[in-house]
>>> print(open('my_file.cif').read())   # mmCIF, C-alpha atoms
data_structure
#
loop_
_atom_site.label_atom_id
_atom_site.label_comp_id
_atom_site.auth_asym_id
_atom_site.auth_seq_id
_atom_site.Cartn_x
_atom_site.Cartn_y
_atom_site.Cartn_z
CA MET A 419 15.85 36.77 -27.10
CA LYS A 420 16.38 37.37 -23.38
CA ASN A 421 12.62 37.20 -22.74
CA HIS A 422 12.38 33.87 -24.59
CA LEU A 423 15.23 32.43 -22.53
CA ILE A 424 13.63 33.55 -19.25
CA GLY A 425 10.28 32.13 -20.36
CA PHE A 426 11.88 28.82 -21.33
CA LEU A 427 13.73 28.56 -18.01
CA GLY A 428 10.52 29.36 -16.11
CA MET A 429 8.59 26.64 -17.94
CA PHE A 430 11.43 24.16 -17.40
CA LEU A 431 11.54 24.85 -13.65
CA LEU A 432 7.75 24.54 -13.41
CA ALA A 433 7.85 21.17 -15.20
CA VAL A 434 10.61 19.90 -12.88
CA LEU A 435 8.63 21.04 -9.84
CA LEU A 436 5.43 19.31 -11.00
CA VAL A 437 7.21 16.03 -11.74
CA SER A 438 9.05 16.01 -8.41
CA CYS A 439 5.84 16.65 -6.42
CA ASN A 440 4.25 13.47 -7.77
CA ARG A 441 7.04 11.13 -6.65
CA ARG A 442 7.10 9.30 -3.33
CA LYS A 443 10.21 9.99 -1.34
CA PHE A 444 11.38 6.52 -0.24
CA PRO A 445 14.95 5.33 -0.01
CA VAL A 446 16.35 3.33 -2.90
CA THR A 447 15.27 -0.30 -3.14
CA SER A 448 17.87 -2.70 -1.80
CA GLN A 449 18.76 -5.57 -4.06
CA ASP A 450 19.68 -7.53 -0.94
CA ALA A 451 16.23 -7.36 0.70
CA LYS A 452 13.30 -9.12 -0.94
CA ILE A 453 9.67 -9.09 0.19
CA VAL A 454 7.66 -12.22 -0.65
CA PHE A 455 4.02 -12.45 0.44
CA GLU A 456 2.35 -15.81 1.11
CA ASP A 457 -0.70 -14.37 -0.66
CA THR A 458 -1.72 -10.95 -1.94
CA VAL A 459 -5.50 -11.45 -2.16
CA HIS A 460 -7.87 -12.47 0.63
CA ASP A 461 -11.59 -13.20 0.18
CA PHE A 462 -13.67 -12.73 3.34
CA GLY A 463 -16.63 -14.42 1.66
CA VAL A 464 -20.07 -13.22 2.79
CA ILE A 465 -19.92 -10.87 5.78
CA PRO A 466 -22.62 -9.05 7.74
CA ALA A 467 -23.06 -5.32 7.11
CA GLY A 468 -21.38 -3.07 9.67
CA LYS A 469 -18.98 -5.75 10.97
CA GLU A 470 -15.20 -5.25 10.79
CA GLN A 471 -13.11 -7.95 9.16
CA THR A 472 -9.36 -8.33 9.68
CA TYR A 473 -6.74 -10.34 7.81
CA ASP A 474 -2.99 -10.64 8.30
CA PHE A 475 -0.98 -10.75 5.07
CA VAL A 476 2.20 -12.63 6.02
CA PHE A 477 5.44 -11.89 4.21
CA HIS A 478 9.01 -13.20 4.34
CA ASN A 479 12.30 -11.47 3.74
CA ALA A 480 13.87 -13.73 1.14
CA GLY A 481 16.90 -11.46 0.84
CA SER A 482 20.20 -11.24 2.70
CA GLU A 483 19.73 -7.74 4.24
CA PRO A 484 17.07 -6.34 6.61
CA LEU A 485 13.71 -5.51 5.03
CA VAL A 486 12.05 -2.21 5.95
CA ILE A 487 8.38 -1.42 5.32
CA TYR A 488 8.22 2.32 4.65
CA GLN A 489 4.48 2.67 4.26
CA ALA A 490 1.23 0.75 3.77
CA ASP A 491 -1.43 2.93 2.12
CA ALA A 492 -5.08 1.96 2.35
CA LEU A 493 -6.71 3.23 -0.84
CA CYS A 494 -10.13 3.68 0.77
CA HIS A 495 -11.38 5.22 4.02
CA CYS A 496 -13.20 1.94 4.63
CA GLU A 497 -9.97 0.08 5.47
CA ASP A 498 -6.85 0.43 7.60
CA ALA A 499 -3.40 -1.12 7.29
CA GLU A 500 -1.03 -1.71 10.21
CA TYR A 501 2.52 -3.06 10.07
CA ASP A 502 5.59 -3.53 12.25
CA LYS A 503 7.95 -0.57 12.09
CA GLU A 504 11.03 -2.66 12.95
CA PRO A 505 13.18 -4.08 10.13
CA VAL A 506 12.65 -7.76 9.32
CA LYS A 507 15.88 -9.72 9.37
CA ALA A 508 16.98 -11.83 6.42
CA GLY A 509 14.93 -15.03 6.49
CA GLY A 510 12.47 -13.41 8.92
CA GLU A 511 8.73 -12.97 8.76
CA GLY A 512 6.37 -10.04 9.20
CA LYS A 513 2.75 -9.12 8.57
CA ILE A 514 0.55 -6.37 7.25
CA ARG A 515 -2.79 -6.34 9.10
CA VAL A 516 -5.64 -5.08 6.93
CA THR A 517 -8.95 -4.21 8.56
CA PHE A 518 -12.04 -3.68 6.41
CA HIS A 519 -14.82 -1.64 8.04
CA GLY A 520 -18.09 -2.93 6.60
CA GLU A 521 -19.98 0.34 6.50
CA GLN A 522 -23.58 0.59 7.58
CA GLY A 523 -25.89 0.57 4.58
CA ALA A 524 -23.27 -0.79 2.18
CA THR A 525 -24.13 -4.10 0.53
CA GLY A 526 -22.81 -6.23 -2.30
CA HIS A 527 -19.34 -7.03 -3.58
CA PHE A 528 -16.29 -5.09 -2.39
CA ASP A 529 -12.71 -5.18 -3.61
CA ARG A 530 -10.26 -2.91 -1.73
CA SER A 531 -6.49 -2.53 -1.97
CA VAL A 532 -3.50 -1.54 0.14
CA ARG A 533 -0.19 -0.53 -1.41
CA VAL A 534 2.94 -1.60 0.47
CA TYR A 535 6.21 0.26 -0.04
CA SER A 536 9.48 -1.30 1.14
CA ASN A 537 13.15 -1.59 0.31
CA GLY A 538 12.46 -5.14 -0.89
CA ALA A 539 10.46 -4.41 -4.04
CA LYS A 540 10.60 -2.05 -6.97
CA GLY A 541 7.50 0.09 -6.61
CA ALA A 542 4.54 -0.95 -4.49
CA VAL A 543 3.16 -4.41 -3.79
CA THR A 544 -0.65 -4.38 -3.88
CA LEU A 545 -2.64 -6.38 -1.31
CA THR A 546 -6.36 -6.89 -1.90
CA VAL A 547 -9.27 -7.81 0.36
CA GLN A 548 -12.61 -8.69 -1.15
CA GLY A 549 -15.94 -10.20 -0.28
CA ASN A 550 -19.68 -9.63 -0.25
CA ILE A 551 -21.53 -7.57 2.33
CA GLN A 552 -24.82 -9.18 3.27
CA LYS A 553 -27.82 -6.91 3.71
CA ARG A 554 -29.13 -6.71 7.26
CA GLU A 555 -32.57 -8.12 7.78
#
>>> encode(input="my_file.cif", output="C-alpha cells")
Amino acid sequence: MKNHLIGFLGMFLLAVLLVSCNRRKFPVTSQDAKIVFEDTVHDFGVIPAGKEQTYDFVFHNAGSEPLVIYQADALCHCEDAEYDKEPVKAGGEGKIRVTFHGEQGATGHFDRSVRVYSNGAKGAVTLTVQGNIQKRE
C-alpha cells in the first residue's frame, strides 16, 4: 500500500510540474485596463523579395487604469515586434511595430502573426501581417 501511495504522489507531482511549465507567468489581467486595437490585420500587398516591411498596429487603452504590455511574441524568425515598455495611461494610445523581413528566395503569399500579452486582455491578442512576395527578376 505504501508503494502505491508513493507512486501516486510521484505521478501527481510530475503532472503538476508539467502543467505549470506550459503556462506563461504574467500578472493577472486587470478589469480596469482594456486594450483595443484599431486593426489586427495588415496587408502589405505585393512586396519585392528581400525588402523589409514595417507596420505600426495602434492601440488605445479604453480602461480606467494604466495598460501594460508584458510581451509581444513574433511567431516566426522572419518578423520582429517592438513596443513601448512604459504603461499607457487610461485613454492613451500606444503601438506595436511589426517588421516583416522578406527573405531572399522566398516568394508567394505570407501570413505571419504576433501575440500580444497585456493586463488589458484575457489571453493574447493576435496581430497579423500578410502579403505577397514578388519574385525578383
>>> resolve_selection(input="my_file.cif", expression="the PyMOL selection byres ((chain A and resi 471-484) around 10)", output="mmCIF file with C-alpha atoms, in the frame of the given file")
data_model
loop_
_atom_site.group_PDB
_atom_site.id
_atom_site.type_symbol
_atom_site.label_atom_id
_atom_site.label_comp_id
_atom_site.auth_asym_id
_atom_site.auth_seq_id
_atom_site.Cartn_x
_atom_site.Cartn_y
_atom_site.Cartn_z
ATOM 1 C CA SER A 448 17.870 -2.700 -1.800
ATOM 2 C CA GLN A 449 18.760 -5.570 -4.060
ATOM 3 C CA ASP A 450 19.680 -7.530 -0.940
ATOM 4 C CA ALA A 451 16.230 -7.360 0.700
ATOM 5 C CA LYS A 452 13.300 -9.120 -0.940
ATOM 6 C CA ILE A 453 9.670 -9.090 0.190
ATOM 7 C CA VAL A 454 7.660 -12.220 -0.650
ATOM 8 C CA PHE A 455 4.020 -12.450 0.440
ATOM 9 C CA GLU A 456 2.350 -15.810 1.110
ATOM 10 C CA ASP A 457 -0.700 -14.370 -0.660
ATOM 11 C CA THR A 458 -1.720 -10.950 -1.940
ATOM 12 C CA VAL A 459 -5.500 -11.450 -2.160
ATOM 13 C CA HIS A 460 -7.870 -12.470 0.630
ATOM 14 C CA ASP A 461 -11.590 -13.200 0.180
ATOM 15 C CA PHE A 462 -13.670 -12.730 3.340
ATOM 16 C CA ILE A 465 -19.920 -10.870 5.780
ATOM 17 C CA PRO A 466 -22.620 -9.050 7.740
ATOM 18 C CA GLY A 468 -21.380 -3.070 9.670
ATOM 19 C CA LYS A 469 -18.980 -5.750 10.970
ATOM 20 C CA GLU A 470 -15.200 -5.250 10.790
ATOM 21 C CA LEU A 485 13.710 -5.510 5.030
ATOM 22 C CA VAL A 486 12.050 -2.210 5.950
ATOM 23 C CA GLU A 497 -9.970 0.080 5.470
ATOM 24 C CA ASP A 498 -6.850 0.430 7.600
ATOM 25 C CA ALA A 499 -3.400 -1.120 7.290
ATOM 26 C CA GLU A 500 -1.030 -1.710 10.210
ATOM 27 C CA TYR A 501 2.520 -3.060 10.070
ATOM 28 C CA GLU A 504 11.030 -2.660 12.950
ATOM 29 C CA PRO A 505 13.180 -4.080 10.130
ATOM 30 C CA VAL A 506 12.650 -7.760 9.320
ATOM 31 C CA LYS A 507 15.880 -9.720 9.370
ATOM 32 C CA ALA A 508 16.980 -11.830 6.420
ATOM 33 C CA GLY A 509 14.930 -15.030 6.490
ATOM 34 C CA GLY A 510 12.470 -13.410 8.920
ATOM 35 C CA GLU A 511 8.730 -12.970 8.760
ATOM 36 C CA GLY A 512 6.370 -10.040 9.200
ATOM 37 C CA LYS A 513 2.750 -9.120 8.570
ATOM 38 C CA ILE A 514 0.550 -6.370 7.250
ATOM 39 C CA ARG A 515 -2.790 -6.340 9.100
ATOM 40 C CA VAL A 516 -5.640 -5.080 6.930
ATOM 41 C CA THR A 517 -8.950 -4.210 8.560
ATOM 42 C CA PHE A 518 -12.040 -3.680 6.410
ATOM 43 C CA HIS A 519 -14.820 -1.640 8.040
ATOM 44 C CA GLY A 520 -18.090 -2.930 6.600
ATOM 45 C CA ASN A 537 13.150 -1.590 0.310
ATOM 46 C CA GLY A 538 12.460 -5.140 -0.890
ATOM 47 C CA LEU A 545 -2.640 -6.380 -1.310
ATOM 48 C CA THR A 546 -6.360 -6.890 -1.900
ATOM 49 C CA VAL A 547 -9.270 -7.810 0.360
#
>>> resolve_selection(input="my_file.cif", expression="the PyMOL selection byres ((chain A and resi 526) around 7)", output="tab-separated table (two decimals) with C-alpha atoms, keeping the file's coordinate frame")
chain	number	residue	atom	x	y	z
A	525	THR	CA	-24.13	-4.10	0.53
A	527	HIS	CA	-19.34	-7.03	-3.58
A	528	PHE	CA	-16.29	-5.09	-2.39
A	550	ASN	CA	-19.68	-9.63	-0.25
A	551	ILE	CA	-21.53	-7.57	2.33
A	552	GLN	CA	-24.82	-9.18	3.27
>>> atom_distance(input="my_file.cif", atom1="CA of Arg533 (chain A)", atom2="CA of Gly549 (chain A)")
18.5 Å
>>> atom_distance(input="my_file.cif", atom1="CA of Gly523 (chain A)", atom2="CA of Val464 (chain A)")
15.1 Å
>>> closest_residue(input="my_file.cif", among="A:Val543, A:Glu521, A:Ala467, A:Val532", to="Leu493 (chain A)", atoms="only C-alpha atoms")
A:Val532
>>> atom_distance(input="my_file.cif", atom1="CA of Asp502 (chain A)", atom2="CA of Thr544 (chain A)")
17.3 Å
